[in-house]
Amino acid sequence: MTNPIIVWFKNDLRLQDNPAVNYAIQTKKPIIPLFIWSPEEEAPWQPGAASKLWLKHSLTALNQVLVEQGSRLIIKQGNSLEILQELIKLSGADEIVWNRRYEPKLKARDESIVNALVIAHKICNGALILNLEQIKNKQGQPFKVFTPFYNHCLGFLEEYVQQEYPKQLSNELKLNDQFDLNKLGSNDDITEDLLEAPDHWQKKMLPYISAGEQAALRSLKTFSKYAADYNEQRDRPDITGTSKLSTHLHFGEISPYRVWKEIKAEPYRRQLIWREFAYYIMHHYPYSTDNNFKAEFDKFPWRKNIAQLKLWQQGQTGYPLVDAGMRELWETGWMHNRVRMIVGSFLVKDLLIDWREGAKWFWDTLFDADLANNSMGWQWVAGSGVDASPFFRIFNPITQAEKFDPHKKYIRKWIPELETNYARPMVNHDAARKEALAAVKQLSAKA
DNA sequence: TAGCTCGTTGGACAA
DNA sequence: TTTGTCCAACGAGCT
């Protein structure tokens, strides 16, 4: 009997268009589909409450598809290396395959696993369209500015995806003959770990969860119908103008290449490449997930004000668009992109609170919480990131609301008390803006 | 090598 | 009401 191959699922919770799965099928070996729950290996960025809830549903969905194929998902909890070694012993597996992860902690962990495992391993790229290692500027250095990066990629992308991806797309999927998974013992029950948040919160979130690759493909299909209007509508939180694909992409419920192929509208494709750029920056500058990309911001006089941070988190700042966004986040596990920038700008520039506090809150409450995107986004807002010198770019929450929610539809949806006993502004925006500008000016004077 | 241009998403103010 | 200019100045990336 042929020795089996382990497919180690991570943030690639799909069977279609999954290079690791495709590779395993092509070996003709019996397949052991495995997921390991080992959050401490990602600390301090282990999945937050919202992430865990979605993950639970996504794992269930993946298992269902596997069951339809006469298999099932093996779920284990604990130290990844120990679990792999144990399963290899029990199953006689002589090969393992997975899709690469780029988070600094996980990259290091996977490297040590590669060094410790005695069986063959294959590592695929299922999370990104691009091969990050191959992209350098003319000086042979990694890009630090998006536009040159994007233009550089456009130069080869069409040809590259045509060469690289036909072999990765797989609509019809047939798993190989099965290995007797019962030999591997029963699954660990990780439900309690994944559902540690309060019951009422979980219940409230349920309507907003549509996990799994079937749901992801449906979202893509829906978006493809209005993608042509993306550029005009994506800034409007009162309209469904965005793709709503971020969580599916984060958990790998859909292949980014599948999205690229289906959606041809340039403005959206540019966003997809932004996602790649965030991973590229994290890959080349791993410190930037937790530290200012620009070192001079290490001296920025952030304010520690827990009371104000709480008001922001709870959507009680007295600025309608900020509060609407924060409440949308709390109620649904998602926030419209433009509103993310506005609430971020408010925390960092009006309250002068460290971007990392905002990043932590988003990390815990967003279904799509993604280390590369979250850190880059917050650093962009703070002005400490890869984007050059936008410190005077301070969003005005009032004029932004007039521009992008002209009928107050979005604001009214989340702030029913708007016309009755709504909170007064916690700070004066004009004064706060001037203070922020002064703080940054001081920073460059010191440098 | 030196010089040039540009930088995802803006705002205030003046005309 | 709309449009143009400035906000400060740096460093990435190109020519």
# chains A, B, ... in the order shown; residues from 1 in each chain; ligands from 1
$ select_by_dssp --residues "range 340-426 of chain A" --states "alpha helix (DSSP H)" --output "ChimeraX atom specification"
/A:340-345,355-365,371-382,397-404,409-414
$ interface_residues --of "chain A" --to "chain C" --cutoff "9 Å" --atoms "only C-alpha atoms (C1' of nucleotides)" --output "PyMOL selection string"
chain A and resi 137-138+143-145+148+388-389+392+441
$ write_last_selection --atoms "N, CA and C atoms" --output "compact mmCIF listing (two decimals), in the first residue's frame"
# COMPACT_ATOMS: atom_id res chain seq x y z
N ASN A 137 13.31 46.17 -7.17
CA ASN A 137 13.46 47.34 -8.04
C ASN A 137 14.79 47.25 -8.79
N LYS A 138 15.09 48.31 -9.55
CA LYS A 138 16.27 48.22 -10.41
C LYS A 138 17.57 48.23 -9.62
N PHE A 143 10.74 47.08 -3.19
CA PHE A 143 10.01 48.34 -3.32
C PHE A 143 9.48 48.77 -1.96
N LYS A 144 9.39 50.09 -1.81
CA LYS A 144 8.78 50.62 -0.58
C LYS A 144 7.60 51.54 -0.88
N VAL A 145 7.37 51.75 -2.14
CA VAL A 145 6.25 52.62 -2.54
C VAL A 145 5.35 51.80 -3.46
N PRO A 148 5.23 52.36 -7.86
CA PRO A 148 6.29 51.70 -8.64
C PRO A 148 6.21 50.17 -8.57
N ALA A 388 4.67 57.68 1.73
CA ALA A 388 5.51 58.80 2.14
C ALA A 388 4.71 60.01 2.64
N SER A 389 5.09 60.51 3.76
CA SER A 389 4.77 61.85 4.27
C SER A 389 3.35 62.38 4.13
N PHE A 392 -0.05 65.63 6.93
CA PHE A 392 -1.08 66.68 6.94
C PHE A 392 -2.41 66.14 6.43
N LYS A 441 5.25 67.92 13.35
CA LYS A 441 6.24 68.91 12.96
C LYS A 441 7.44 68.85 13.92
$ closest_atom_pairs --of "chain A" --to "chain B" --cutoff "12 Å" --atoms "only C-alpha atoms (C1' of nucleotides)" --output "Markdown table"
| residue | atom | partner | partner_atom | distance |
| --- | --- | --- | --- | --- |
| A:Lys144 | CA | B:DG7 | C1' | 11.0 |
| A:Val145 | CA | B:DG7 | C1' | 7.8 |
| A:Phe146 | CA | B:DT8 | C1' | 8.6 |
| A:Thr147 | CA | B:DG7 | C1' | 8.2 |
| A:Pro148 | CA | B:DC6 | C1' | 10.1 |
| A:Tyr150 | CA | B:DT8 | C1' | 11.6 |
| A:Asn231 | CA | B:DT9 | C1' | 11.6 |
| A:Arg234 | CA | B:DT9 | C1' | 10.6 |
| A:Asp235 | CA | B:DT9 | C1' | 8.7 |
| A:Pro267 | CA | B:DT8 | C1' | 10.3 |
| A:Tyr268 | CA | B:DT8 | C1' | 11.9 |
| A:Arg270 | CA | B:DT8 | C1' | 9.5 |
| A:Gln271 | CA | B:DT8 | C1' | 9.1 |
| A:Ile273 | CA | B:DT8 | C1' | 11.8 |
| A:Trp274 | CA | B:DT8 | C1' | 9.2 |
| A:Asn337 | CA | B:DT9 | C1' | 9.6 |
| A:Arg338 | CA | B:DT9 | C1' | 7.5 |
| A:Val339 | CA | B:DT9 | C1' | 10.7 |
| A:Arg340 | CA | B:DT9 | C1' | 11.0 |
| A:Met341 | CA | B:DT9 | C1' | 8.3 |
| A:Ile342 | CA | B:DT9 | C1' | 10.2 |
| A:Ser345 | CA | B:DG10 | C1' | 11.1 |
| A:Gly377 | CA | B:DT8 | C1' | 11.1 |
| A:Trp380 | CA | B:DT8 | C1' | 10.1 |
| A:Val381 | CA | B:DT9 | C1' | 10.3 |
| A:Val386 | CA | B:DG7 | C1' | 10.2 |
| A:Asp387 | CA | B:DG7 | C1' | 7.0 |
| A:Ala388 | CA | B:DG7 | C1' | 5.9 |
| A:Ser389 | CA | B:DG7 | C1' | 8.0 |
| A:Pro390 | CA | B:DG7 | C1' | 8.5 |
| A:Phe391 | CA | B:DG10 | C1' | 10.1 |
| A:Phe392 | CA | B:DG10 | C1' | 7.9 |
| A:Arg393 | CA | B:DG10 | C1' | 5.0 |
| A:Ile394 | CA | B:DG10 | C1' | 6.3 |
| A:Phe395 | CA | B:DG10 | C1' | 6.2 |
| A:Asn396 | CA | B:DG11 | C1' | 7.4 |
| A:Pro397 | CA | B:DG11 | C1' | 11.0 |
| A:Ile398 | CA | B:DG11 | C1' | 11.3 |
| A:Thr399 | CA | B:DG11 | C1' | 9.0 |
| A:Gln400 | CA | B:DG10 | C1' | 9.5 |
| A:Phe404 | CA | B:DT9 | C1' | 11.9 |
| A:Asp430 | CA | B:DA12 | C1' | 10.4 |
| A:Arg433 | CA | B:DG11 | C1' | 10.3 |
| A:Lys434 | CA | B:DA12 | C1' | 11.7 |
$ write_last_selection --atoms "N, CA and C atoms" --output "short mmCIF file (atom, residue, chain, number, x, y, z; two decimals), in the first residue's frame"
data_model
loop_
_atom_site.label_atom_id
_atom_site.label_comp_id
_atom_site.auth_asym_id
_atom_site.auth_seq_id
_atom_site.Cartn_x
_atom_site.Cartn_y
_atom_site.Cartn_z
N LYS A 144 9.39 50.09 -1.81
CA LYS A 144 8.78 50.62 -0.58
C LYS A 144 7.60 51.54 -0.88
N VAL A 145 7.37 51.75 -2.14
CA VAL A 145 6.25 52.62 -2.54
C VAL A 145 5.35 51.80 -3.46
N PHE A 146 4.05 51.95 -3.23
CA PHE A 146 3.13 51.06 -3.94
C PHE A 146 3.14 51.27 -5.45
N THR A 147 3.04 52.50 -5.90
CA THR A 147 2.85 52.73 -7.33
C THR A 147 3.97 52.14 -8.19
N PRO A 148 5.23 52.36 -7.86
CA PRO A 148 6.29 51.70 -8.64
C PRO A 148 6.21 50.17 -8.57
N TYR A 150 3.46 48.45 -8.17
CA TYR A 150 2.32 48.05 -8.99
C TYR A 150 2.68 48.11 -10.48
N ASN A 231 -15.37 51.50 -8.91
CA ASN A 231 -14.64 52.76 -8.72
C ASN A 231 -15.55 53.89 -8.23
N ARG A 234 -17.20 52.39 -4.42
CA ARG A 234 -16.46 51.74 -3.33
C ARG A 234 -16.27 52.63 -2.12
N ASP A 235 -16.40 53.93 -2.30
CA ASP A 235 -16.21 54.85 -1.19
C ASP A 235 -17.49 55.13 -0.42
N PRO A 267 -9.56 49.17 -11.09
CA PRO A 267 -9.47 49.70 -9.73
C PRO A 267 -9.55 48.59 -8.67
N TYR A 268 -10.34 47.57 -8.95
CA TYR A 268 -10.39 46.48 -7.97
C TYR A 268 -9.12 45.64 -8.01
N ARG A 270 -6.27 46.62 -8.65
CA ARG A 270 -5.25 47.39 -7.94
C ARG A 270 -5.34 47.11 -6.43
N GLN A 271 -6.55 46.99 -5.93
CA GLN A 271 -6.72 46.67 -4.51
C GLN A 271 -6.18 45.29 -4.18
N ILE A 273 -3.77 43.90 -5.62
CA ILE A 273 -2.30 44.00 -5.58
C ILE A 273 -1.85 44.74 -4.33
N TRP A 274 -2.69 45.62 -3.82
CA TRP A 274 -2.38 46.22 -2.51
C TRP A 274 -2.25 45.15 -1.44
N ASN A 337 -14.32 50.01 4.07
CA ASN A 337 -12.93 50.45 3.94
C ASN A 337 -12.72 51.94 4.20
N ARG A 338 -13.52 52.77 3.57
CA ARG A 338 -13.30 54.20 3.78
C ARG A 338 -13.52 54.58 5.23
N VAL A 339 -14.51 53.97 5.83
CA VAL A 339 -14.79 54.29 7.23
C VAL A 339 -13.63 53.81 8.12
N ARG A 340 -12.98 52.73 7.73
CA ARG A 340 -11.81 52.29 8.49
C ARG A 340 -10.75 53.39 8.51
N MET A 341 -10.56 54.04 7.39
CA MET A 341 -9.56 55.11 7.34
C MET A 341 -9.97 56.26 8.22
N ILE A 342 -11.26 56.54 8.22
CA ILE A 342 -11.74 57.71 8.97
C ILE A 342 -11.68 57.44 10.48
N SER A 345 -7.96 57.48 11.37
CA SER A 345 -7.43 58.84 11.43
C SER A 345 -7.88 59.53 12.71
N GLY A 377 -2.23 49.02 7.02
CA GLY A 377 -3.30 50.00 6.99
C GLY A 377 -3.17 51.01 8.12
N TRP A 380 -0.28 53.26 7.60
CA TRP A 380 -0.57 54.23 6.56
C TRP A 380 -1.35 55.40 7.15
N VAL A 381 -2.36 55.07 7.95
CA VAL A 381 -3.17 56.11 8.58
C VAL A 381 -2.31 56.97 9.50
N VAL A 386 4.76 52.80 4.97
CA VAL A 386 5.50 52.84 3.72
C VAL A 386 5.11 54.03 2.84
N ASP A 387 3.91 54.48 2.98
CA ASP A 387 3.48 55.60 2.15
C ASP A 387 4.15 56.88 2.65
N ALA A 388 4.67 57.68 1.73
CA ALA A 388 5.51 58.80 2.14
C ALA A 388 4.71 60.01 2.64
N SER A 389 5.09 60.51 3.76
CA SER A 389 4.77 61.85 4.27
C SER A 389 3.35 62.38 4.13
N PRO A 390 2.36 61.67 4.49
CA PRO A 390 1.03 62.27 4.43
C PRO A 390 0.59 62.82 5.79
N PHE A 391 1.48 63.39 6.55
CA PHE A 391 1.07 63.73 7.92
C PHE A 391 0.02 64.82 7.97
N PHE A 392 -0.05 65.63 6.93
CA PHE A 392 -1.08 66.68 6.94
C PHE A 392 -2.41 66.14 6.43
N ARG A 393 -2.38 64.88 6.07
CA ARG A 393 -3.63 64.29 5.57
C ARG A 393 -4.43 63.80 6.78
N ILE A 394 -5.22 64.66 7.30
CA ILE A 394 -6.03 64.33 8.48
C ILE A 394 -7.49 64.37 8.06
N PHE A 395 -8.15 63.26 8.17
CA PHE A 395 -9.54 63.19 7.73
C PHE A 395 -10.43 64.02 8.64
N ASN A 396 -11.30 64.79 8.01
CA ASN A 396 -12.30 65.53 8.76
C ASN A 396 -13.58 64.69 8.79
N PRO A 397 -13.96 64.20 9.97
CA PRO A 397 -15.08 63.25 10.02
C PRO A 397 -16.40 63.87 9.58
N ILE A 398 -16.49 65.19 9.63
CA ILE A 398 -17.74 65.84 9.21
C ILE A 398 -17.82 65.94 7.69
N THR A 399 -16.75 66.47 7.08
CA THR A 399 -16.82 66.63 5.62
C THR A 399 -16.77 65.27 4.91
N GLN A 400 -16.08 64.31 5.51
CA GLN A 400 -16.07 62.97 4.92
C GLN A 400 -17.49 62.39 4.91
N PHE A 404 -19.39 61.18 1.55
CA PHE A 404 -19.54 59.75 1.26
C PHE A 404 -20.79 59.12 1.86
N ASP A 430 -11.06 70.61 15.00
CA ASP A 430 -10.13 71.63 14.48
C ASP A 430 -8.93 71.81 15.40
N ARG A 433 -6.77 68.69 15.31
CA ARG A 433 -6.00 68.63 14.06
C ARG A 433 -4.73 69.46 14.18
N LYS A 434 -4.87 70.65 14.73
CA LYS A 434 -3.71 71.53 14.87
C LYS A 434 -2.67 70.91 15.79
#
$ residues_around --residues "Glu328 in chain A" --least-positions-apart "3" --cutoff "10 Å" --atoms "only C-alpha atoms (C1' of nucleotides)" --output "number ranges by chain"
A: 315, 322-325, 331-336, 339, 410-411, 413-415
$ write_last_selection --atoms "C-alpha atoms" --output "PDB file, in the first residue's frame"
ATOM      1  CA  GLY A 315     -18.667  54.311  19.056  1.00  0.00           C
ATOM      2  CA  VAL A 322     -16.724  57.544  13.346  1.00  0.00           C
ATOM      3  CA  ASP A 323     -19.297  56.108  15.702  1.00  0.00           C
ATOM      4  CA  ALA A 324     -21.298  54.504  12.903  1.00  0.00           C
ATOM      5  CA  GLY A 325     -18.167  52.722  11.730  1.00  0.00           C
ATOM      6  CA  GLU A 331     -22.201  44.547  15.444  1.00  0.00           C
ATOM      7  CA  THR A 332     -21.094  42.808  12.271  1.00  0.00           C
ATOM      8  CA  GLY A 333     -17.367  42.001  12.445  1.00  0.00           C
ATOM      9  CA  TRP A 334     -16.735  44.150   9.411  1.00  0.00           C
ATOM     10  CA  MET A 335     -16.320  47.820   8.552  1.00  0.00           C
ATOM     11  CA  HIS A 336     -16.409  49.615   5.238  1.00  0.00           C
ATOM     12  CA  VAL A 339     -14.790  54.289   7.231  1.00  0.00           C
ATOM     13  CA  TYR A 410     -25.270  54.814   6.903  1.00  0.00           C
ATOM     14  CA  ILE A 411     -25.045  57.064   9.941  1.00  0.00           C
ATOM     15  CA  LYS A 413     -28.520  52.952  10.398  1.00  0.00           C
ATOM     16  CA  TRP A 414     -25.965  52.685  13.188  1.00  0.00           C
ATOM     17  CA  ILE A 415     -26.905  55.682  15.295  1.00  0.00           C
TER      18      ILE A 415
END
$ closest_atom_pairs --of "range 199-316 of chain A" --to "range 122-133 of chain A" --cutoff "12 Å" --atoms "only C-alpha atoms" --output "JSON lines"
{"residue": "A:His248", "atom": "CA", "partner": "A:Ala127", "partner_atom": "CA", "distance": 11.1}
{"residue": "A:Leu249", "atom": "CA", "partner": "A:Ala127", "partner_atom": "CA", "distance": 7.9}
{"residue": "A:His250", "atom": "CA", "partner": "A:Ala127", "partner_atom": "CA", "distance": 8.3}
{"residue": "A:Phe251", "atom": "CA", "partner": "A:Ala127", "partner_atom": "CA", "distance": 8.9}
{"residue": "A:Gly252", "atom": "CA", "partner": "A:Ala127", "partner_atom": "CA", "distance": 6.5}
{"residue": "A:Glu253", "atom": "CA", "partner": "A:Ala127", "partner_atom": "CA", "distance": 9.8}
{"residue": "A:Ile254", "atom": "CA", "partner": "A:Ala127", "partner_atom": "CA", "distance": 9.0}
{"residue": "A:Ser255", "atom": "CA", "partner": "A:Ala127", "partner_atom": "CA", "distance": 6.8}
{"residue": "A:Pro256", "atom": "CA", "partner": "A:Leu128", "partner_atom": "CA", "distance": 6.1}
{"residue": "A:Tyr257", "atom": "CA", "partner": "A:Ile129", "partner_atom": "CA", "distance": 5.6}
{"residue": "A:Arg258", "atom": "CA", "partner": "A:Ile129", "partner_atom": "CA", "distance": 9.4}
{"residue": "A:Val259", "atom": "CA", "partner": "A:Ile129", "partner_atom": "CA", "distance": 9.9}
{"residue": "A:Trp260", "atom": "CA", "partner": "A:Ile129", "partner_atom": "CA", "distance": 8.4}
{"residue": "A:Lys261", "atom": "CA", "partner": "A:Ile129", "partner_atom": "CA", "distance": 10.6}
{"residue": "A:Arg269", "atom": "CA", "partner": "A:Ile129", "partner_atom": "CA", "distance": 11.3}
{"residue": "A:Leu272", "atom": "CA", "partner": "A:Ile129", "partner_atom": "CA", "distance": 9.0}
{"residue": "A:Ile273", "atom": "CA", "partner": "A:Ile129", "partner_atom": "CA", "distance": 8.4}
{"residue": "A:Trp274", "atom": "CA", "partner": "A:Leu128", "partner_atom": "CA", "distance": 11.1}
{"residue": "A:Arg275", "atom": "CA", "partner": "A:Leu128", "partner_atom": "CA", "distance": 8.5}
{"residue": "A:Glu276", "atom": "CA", "partner": "A:Leu128", "partner_atom": "CA", "distance": 6.4}
{"residue": "A:Phe277", "atom": "CA", "partner": "A:Leu132", "partner_atom": "CA", "distance": 8.8}
{"residue": "A:Ala278", "atom": "CA", "partner": "A:Leu132", "partner_atom": "CA", "distance": 10.6}
{"residue": "A:Tyr279", "atom": "CA", "partner": "A:Leu132", "partner_atom": "CA", "distance": 8.1}
{"residue": "A:Tyr280", "atom": "CA", "partner": "A:Leu132", "partner_atom": "CA", "distance": 5.8}
{"residue": "A:Ile281", "atom": "CA", "partner": "A:Leu132", "partner_atom": "CA", "distance": 9.3}
{"residue": "A:Met282", "atom": "CA", "partner": "A:Leu132", "partner_atom": "CA", "distance": 10.3}
{"residue": "A:His283", "atom": "CA", "partner": "A:Leu132", "partner_atom": "CA", "distance": 7.8}
{"residue": "A:His284", "atom": "CA", "partner": "A:Leu132", "partner_atom": "CA", "distance": 8.9}
$ atom_distance --atom1 "CA of Trp312 in chain A" --atom2 "CA of Arg424 in chain A"
13.0 Å
$ closest_residue --among "A:Asn428, A:Thr27, A:Gln139, A:Thr289" --to "Leu371 in chain A" --atoms "only C-alpha atoms"
A:Thr289
$ decode --residues "range 379-421 of chain A" --atoms "C-alpha atoms" --output "compact mmCIF listing (two decimals), in the first residue's frame"
# COMPACT_ATOMS: atom_id res chain seq x y z
CA GLN A 379 0.69 52.59 9.68
CA TRP A 380 -0.57 54.23 6.56
CA VAL A 381 -3.17 56.11 8.58
CA ALA A 382 -0.62 57.05 11.23
CA GLY A 383 1.87 58.27 8.64
CA SER A 384 4.53 55.96 10.05
CA GLY A 385 4.27 53.47 7.22
CA VAL A 386 5.50 52.84 3.72
CA ASP A 387 3.48 55.60 2.15
CA ALA A 388 5.51 58.80 2.14
CA SER A 389 4.77 61.85 4.27
CA PRO A 390 1.03 62.27 4.43
CA PHE A 391 1.07 63.73 7.92
CA PHE A 392 -1.08 66.68 6.94
CA ARG A 393 -3.63 64.29 5.57
CA ILE A 394 -6.03 64.33 8.48
CA PHE A 395 -9.54 63.19 7.73
CA ASN A 396 -12.30 65.53 8.76
CA PRO A 397 -15.08 63.25 10.02
CA ILE A 398 -17.74 65.84 9.21
CA THR A 399 -16.82 66.63 5.62
CA GLN A 400 -16.07 62.97 4.92
CA ALA A 401 -19.59 62.13 6.05
CA GLU A 402 -21.07 64.82 3.79
CA LYS A 403 -19.08 63.47 0.87
CA PHE A 404 -19.54 59.75 1.26
CA ASP A 405 -22.78 59.37 3.19
CA PRO A 406 -24.70 62.32 1.75
CA HIS A 407 -28.14 61.16 2.84
CA LYS A 408 -26.94 60.03 6.30
CA LYS A 409 -28.28 56.61 5.48
CA TYR A 410 -25.27 54.81 6.90
CA ILE A 411 -25.04 57.06 9.94
CA ARG A 412 -28.72 56.69 10.77
CA LYS A 413 -28.52 52.95 10.40
CA TRP A 414 -25.96 52.68 13.19
CA ILE A 415 -26.91 55.68 15.29
CA PRO A 416 -30.65 55.55 15.87
CA GLU A 417 -30.38 58.20 18.59
CA LEU A 418 -28.76 60.68 16.19
CA GLU A 419 -31.51 63.29 16.47
CA THR A 420 -32.38 62.73 20.11
CA ASN A 421 -29.75 62.19 22.78
